[in-house]
Amino acid sequence: MKPARSITPWLFLAPALVMFGYAVLLPMVLTVGYSFTEWNGFGPMTFVGLDNYLTAATDPIFRGSFVHVCLYIAATLVLEVLVGLALAGIVSAATGRLWFRVAIFTPVMLPMVVVAVLWAFVYNPDFGLVNATFGAVGLEQLQRVWLGDPATALAAVSVVSGWVYAGFYMMIFYAAFRQIPHEILEAGRLDGAGEWALFRRVKVPMIRSVLWVGVLLCVTGGFQGFDLFFVLTNGGPYGSTEIPTTYLVKTVFRNGEVGYGSAMAVVLTVIVLGVGLAYSRIARRRQRPSAETGEAPGADARLAAPAILRPDDAGELAG
């Protein structure tokens with residue numbers, strides 16, 4: 001049923017639109033405006049054009065921060081997405097494991113600052129659990145100042161992120177596995193497929209679109225990372241864990257360079273939006289029906305499981 005007046009839907013949306021414009025759009029517009037100025041946040045502004053962007057392009061710390069965040073994202077794709085997928089496969093294959101799912105998901109519910117403080121004690125070189133464990137098993141040569149060594153600090157932070165968010169991705173993939181028709185899995189088991197074969201040849205291909213969403217969340221979330229780095233290392237030691245967000249906050253609030261910090265924020269926003277748009281373009285291309293066969297989008301993922309249930313494939317499934 002159409003509303004009596006065309007303006008009626010907009011009246012219902014108006015409060016949300018006003019809040020969105022005030023809390024999101026207006027700060028974005030102001031940030032772009034500040035990026036063309038030299039300003040400390042209090043005194044008069046001086047228009048400098050593109051100087052802040054040119055400085056950002058030649059700033060070795062800012063450029064290095066993108067290298068660090070890319071390494072961090074690569075590590076979290078393994079520690080969060082792949083580990084979460086493996087955990088989802090385990091809990092979907094085993095029945096009656098509610099306690100296991102709850103235990104793995106619990107770190108997601110903790111405040112990130114609490115997690116960072118907890119792991120700062122775990123990594124403590126004097127009484128931390130990691131060094132104590134190595135000492136107890138006779139591997140003293142592996143003991144490190146984990147958060148104070150440039151060679152291990154970034155990896156140490158990545159492990160903490162994986163410990164937190166692997167449970168988050170586990171629940172996403174587990175929910176997707178629960179949507180797979182039970183008949184397909186039963187047909188595979190009747191043909192002699194083990195749980196590993198079902199996971200590799202049936203479950204994962206049928207949730208391919210969910211996997212893509214998980215990868216997108218991990219990549220964009222990596223660019224937005226801040227709290228773990230700020231509490232655990234604050235960008236150190238010697239800038240080895242400096243990422244764009246921590247460097248941006250230091251530039252604005254420690255150095256008082258609001259204009260330059262705004263330019264870095266604009267660059268970071270454009271990169272994250274670019275990643276999102278590129279993903280959307282790839283996803284749209286994958287969902288477009290085939291001109292030759294007229295298949296519906298995603299047909300390869302949905303048909304992957306029935307295709308392997310032919311008698312000639314039963315032997316491979318059983319293996």
# chains A, B, ... in the order shown; residues from 1 in each chain; ligands from 1
call {"tool": "residues_around", "arguments": {"residues": "A:Gly49", "least_positions_apart": "2", "cutoff": "12 Å", "atoms": "only C-alpha atoms", "output": "PyMOL selection string"}}
result
chain A and resi 32-38+45-47+51-55+259-260+263
call {"tool": "write_last_selection", "arguments": {"atoms": "all heavy atoms", "output": "CSV table (one decimal), in the first residue's frame"}}
result
chain,number,residue,atom,x,y,z
A,32,VAL,N,37.6,17.4,5.7
A,32,VAL,CA,38.1,17.7,4.4
A,32,VAL,C,38.5,19.1,4.3
A,32,VAL,O,39.6,19.5,3.8
A,32,VAL,CB,37.1,17.4,3.3
A,32,VAL,CG1,37.6,17.8,1.9
A,32,VAL,CG2,36.8,15.8,3.2
A,33,GLY,N,37.7,20.0,4.9
A,33,GLY,CA,38.0,21.5,4.9
A,33,GLY,C,39.3,21.7,5.7
A,33,GLY,O,40.2,22.5,5.3
A,34,TYR,N,39.4,21.1,6.9
A,34,TYR,CA,40.6,21.3,7.7
A,34,TYR,C,41.8,20.8,7.0
A,34,TYR,O,42.9,21.3,7.3
A,34,TYR,CB,40.4,20.6,9.0
A,34,TYR,CG,39.3,21.1,9.9
A,34,TYR,CD1,38.7,20.2,10.9
A,34,TYR,CD2,38.9,22.4,9.8
A,34,TYR,CE1,37.7,20.7,11.7
A,34,TYR,CE2,37.8,22.9,10.6
A,34,TYR,CZ,37.3,22.0,11.6
A,34,TYR,OH,36.2,22.4,12.4
A,35,SER,N,41.7,19.8,6.2
A,35,SER,CA,42.9,19.2,5.5
A,35,SER,C,43.6,20.2,4.6
A,35,SER,O,44.8,19.9,4.2
A,35,SER,CB,42.5,17.9,4.8
A,35,SER,OG,41.7,18.3,3.6
A,36,PHE,N,43.0,21.3,4.2
A,36,PHE,CA,43.6,22.3,3.4
A,36,PHE,C,44.1,23.4,4.1
A,36,PHE,O,44.5,24.5,3.6
A,36,PHE,CB,42.6,22.8,2.3
A,36,PHE,CG,42.1,21.7,1.4
A,36,PHE,CD1,40.8,21.2,1.5
A,36,PHE,CD2,42.9,21.2,0.4
A,36,PHE,CE1,40.4,20.2,0.6
A,36,PHE,CE2,42.5,20.2,-0.5
A,36,PHE,CZ,41.2,19.7,-0.4
A,37,THR,N,44.2,23.3,5.5
A,37,THR,CA,44.7,24.4,6.3
A,37,THR,C,45.8,24.0,7.2
A,37,THR,O,46.0,22.8,7.4
A,37,THR,CB,43.5,24.9,7.2
A,37,THR,OG1,43.1,23.9,8.1
A,37,THR,CG2,42.3,25.3,6.3
A,38,GLU,N,46.5,24.9,7.8
A,38,GLU,CA,47.4,24.7,8.9
A,38,GLU,C,46.8,25.3,10.1
A,38,GLU,O,46.5,26.5,10.2
A,38,GLU,CB,48.7,25.4,8.6
A,38,GLU,CG,49.8,25.2,9.6
A,38,GLU,CD,51.1,25.9,9.3
A,38,GLU,OE1,51.3,26.2,8.1
A,38,GLU,OE2,51.9,26.1,10.3
A,45,MET,N,43.1,29.8,11.3
A,45,MET,CA,43.5,28.8,10.3
A,45,MET,C,44.2,29.5,9.2
A,45,MET,O,44.0,30.7,8.9
A,45,MET,CB,42.3,28.1,9.7
A,45,MET,CG,41.5,27.3,10.6
A,45,MET,SD,40.1,26.5,9.8
A,45,MET,CE,39.2,25.8,11.2
A,46,THR,N,45.2,28.8,8.6
A,46,THR,CA,45.9,29.3,7.4
A,46,THR,C,45.7,28.4,6.3
A,46,THR,O,46.1,27.2,6.4
A,46,THR,CB,47.4,29.5,7.7
A,46,THR,OG1,47.6,30.3,8.9
A,46,THR,CG2,48.2,30.1,6.5
A,47,PHE,N,45.2,28.9,5.2
A,47,PHE,CA,45.0,28.0,4.0
A,47,PHE,C,46.3,27.7,3.4
A,47,PHE,O,47.1,28.6,3.0
A,47,PHE,CB,44.1,28.7,3.0
A,47,PHE,CG,43.8,27.9,1.8
A,47,PHE,CD1,42.8,26.8,1.8
A,47,PHE,CD2,44.4,28.1,0.6
A,47,PHE,CE1,42.5,26.1,0.7
A,47,PHE,CE2,44.1,27.3,-0.5
A,47,PHE,CZ,43.2,26.3,-0.5
A,51,ASP,N,49.3,21.3,0.5
A,51,ASP,CA,50.6,21.1,1.1
A,51,ASP,C,50.6,19.9,2.1
A,51,ASP,O,51.5,19.1,2.2
A,51,ASP,CB,51.1,22.3,1.9
A,51,ASP,CG,51.5,23.4,0.9
A,51,ASP,OD1,51.6,23.1,-0.3
A,51,ASP,OD2,51.9,24.5,1.4
A,52,ASN,N,49.4,19.8,2.8
A,52,ASN,CA,49.3,18.7,3.8
A,52,ASN,C,49.3,17.3,3.1
A,52,ASN,O,49.9,16.3,3.6
A,52,ASN,CB,48.0,18.8,4.6
A,52,ASN,CG,48.1,20.0,5.6
A,52,ASN,OD1,49.2,20.2,6.2
A,52,ASN,ND2,47.0,20.6,5.9
A,53,TYR,N,48.7,17.2,1.9
A,53,TYR,CA,48.7,16.0,1.2
A,53,TYR,C,50.0,15.7,0.6
A,53,TYR,O,50.4,14.5,0.6
A,53,TYR,CB,47.6,16.0,0.1
A,53,TYR,CG,46.2,16.1,0.6
A,53,TYR,CD1,45.5,17.3,0.8
A,53,TYR,CD2,45.5,14.9,1.0
A,53,TYR,CE1,44.2,17.3,1.2
A,53,TYR,CE2,44.2,14.9,1.4
A,53,TYR,CZ,43.6,16.1,1.6
A,53,TYR,OH,42.3,16.2,2.1
A,54,LEU,N,50.8,16.7,0.2
A,54,LEU,CA,52.1,16.5,-0.3
A,54,LEU,C,53.0,16.0,0.8
A,54,LEU,O,53.9,15.2,0.6
A,54,LEU,CB,52.6,17.7,-1.0
A,54,LEU,CG,51.9,18.2,-2.2
A,54,LEU,CD1,52.5,19.6,-2.7
A,54,LEU,CD2,52.0,17.2,-3.3
A,55,THR,N,52.8,16.6,2.0
A,55,THR,CA,53.6,16.2,3.2
A,55,THR,C,53.3,14.7,3.5
A,55,THR,O,54.3,14.0,3.8
A,55,THR,CB,53.3,17.1,4.4
A,55,THR,OG1,53.6,18.5,4.0
A,55,THR,CG2,54.2,16.7,5.6
A,259,GLY,N,45.4,20.2,10.9
A,259,GLY,CA,45.3,20.3,9.4
A,259,GLY,C,46.0,19.0,8.8
A,259,GLY,O,45.4,18.4,7.9
A,260,TYR,N,47.2,18.8,9.2
A,260,TYR,CA,47.9,17.6,8.7
A,260,TYR,C,47.2,16.3,9.1
A,260,TYR,O,47.1,15.4,8.3
A,260,TYR,CB,49.3,17.6,9.2
A,260,TYR,CG,50.2,16.5,8.6
A,260,TYR,CD1,50.1,16.1,7.3
A,260,TYR,CD2,51.1,15.9,9.4
A,260,TYR,CE1,50.9,15.1,6.8
A,260,TYR,CE2,51.9,14.9,9.0
A,260,TYR,CZ,51.8,14.5,7.6
A,260,TYR,OH,52.6,13.5,7.1
A,263,ALA,N,44.3,15.7,6.9
A,263,ALA,CA,44.7,15.2,5.5
A,263,ALA,C,45.0,13.7,5.6
A,263,ALA,O,44.6,13.0,4.7
A,263,ALA,CB,45.9,16.0,5.0
call {"tool": "residues_around", "arguments": {"residues": "A:Glu242", "least_positions_apart": "6", "cutoff": "12 Å", "atoms": "only C-alpha atoms", "output": "NGL selection string"}}
result
:A and (60-72 or 150 or 153-154 or 157 or 223 or 225-226 or 228-230 or 232-236 or 248-250)
call {"tool": "residues_around", "arguments": {"residues": "stretch 137-142 of chain A", "least_positions_apart": "5", "cutoff": "12 Å", "atoms": "only C-alpha atoms", "output": "ChimeraX atom specification"}}
result
/A:125,130-132,152
call {"tool": "select_by_dssp", "arguments": {"residues": "stretch 12-50 of chain A", "states": "helix (DSSP H, G or I)", "output": "count of residues only"}}
result
23
call {"tool": "atom_distance", "arguments": {"atom1": "atom CA of A:Ala120", "atom2": "atom CA of A:Thr246"}}
result
17.9 Å
call {"tool": "closest_residue", "arguments": {"among": "A:Pro27, A:Gly128, A:Gly256, A:Gly162", "to": "A:Gly84", "atoms": "only C-alpha atoms"}}
result
A:Gly162
call {"tool": "closest_residue", "arguments": {"among": "A:Ile180, A:Gly148, A:Phe168, A:Ala88", "to": "A:Gly214", "atoms": "only C-alpha atoms"}}
result
A:Phe168
call {"tool": "closest_residue", "arguments": {"among": "A:Val81, A:Thr58, A:Leu26, A:Val164", "to": "A:Ala116", "atoms": "only C-alpha atoms"}}
result
A:Val164
call {"tool": "atom_distance", "arguments": {"atom1": "atom CA of A:Ala16", "atom2": "atom CA of A:Thr269"}}
result
22.8 Å
call {"tool": "closest_residue", "arguments": {"among": "A:Met264, A:Ile271, A:Val145, A:Ala283", "to": "A:Thr31", "atoms": "only C-alpha atoms"}}
result
A:Met264
call {"tool": "atom_distance", "arguments": {"atom1": "atom CA of A:Tyr169", "atom2": "atom CA of A:Leu268"}}
result
24.7 Å
call {"tool": "residues_around", "arguments": {"residues": "stretch 207-212 of chain A", "least_positions_apart": "6", "cutoff": "8 Å", "atoms": "only C-alpha atoms", "output": "PyMOL selection string"}}
result
chain A and resi 172-173+176-177+301
call {"tool": "closest_residue", "arguments": {"among": "A:Phe134, A:Phe199, A:Phe20, A:Tyr174", "to": "A:Leu98", "atoms": "only C-alpha atoms"}}
result
A:Tyr174
call {"tool": "residues_around", "arguments": {"residues": "A:Val83", "least_positions_apart": "3", "cutoff": "9 Å", "atoms": "only C-alpha atoms", "output": "ChimeraX atom specification"}}
result
/A:77-80,86-88,162,166-167,169-170
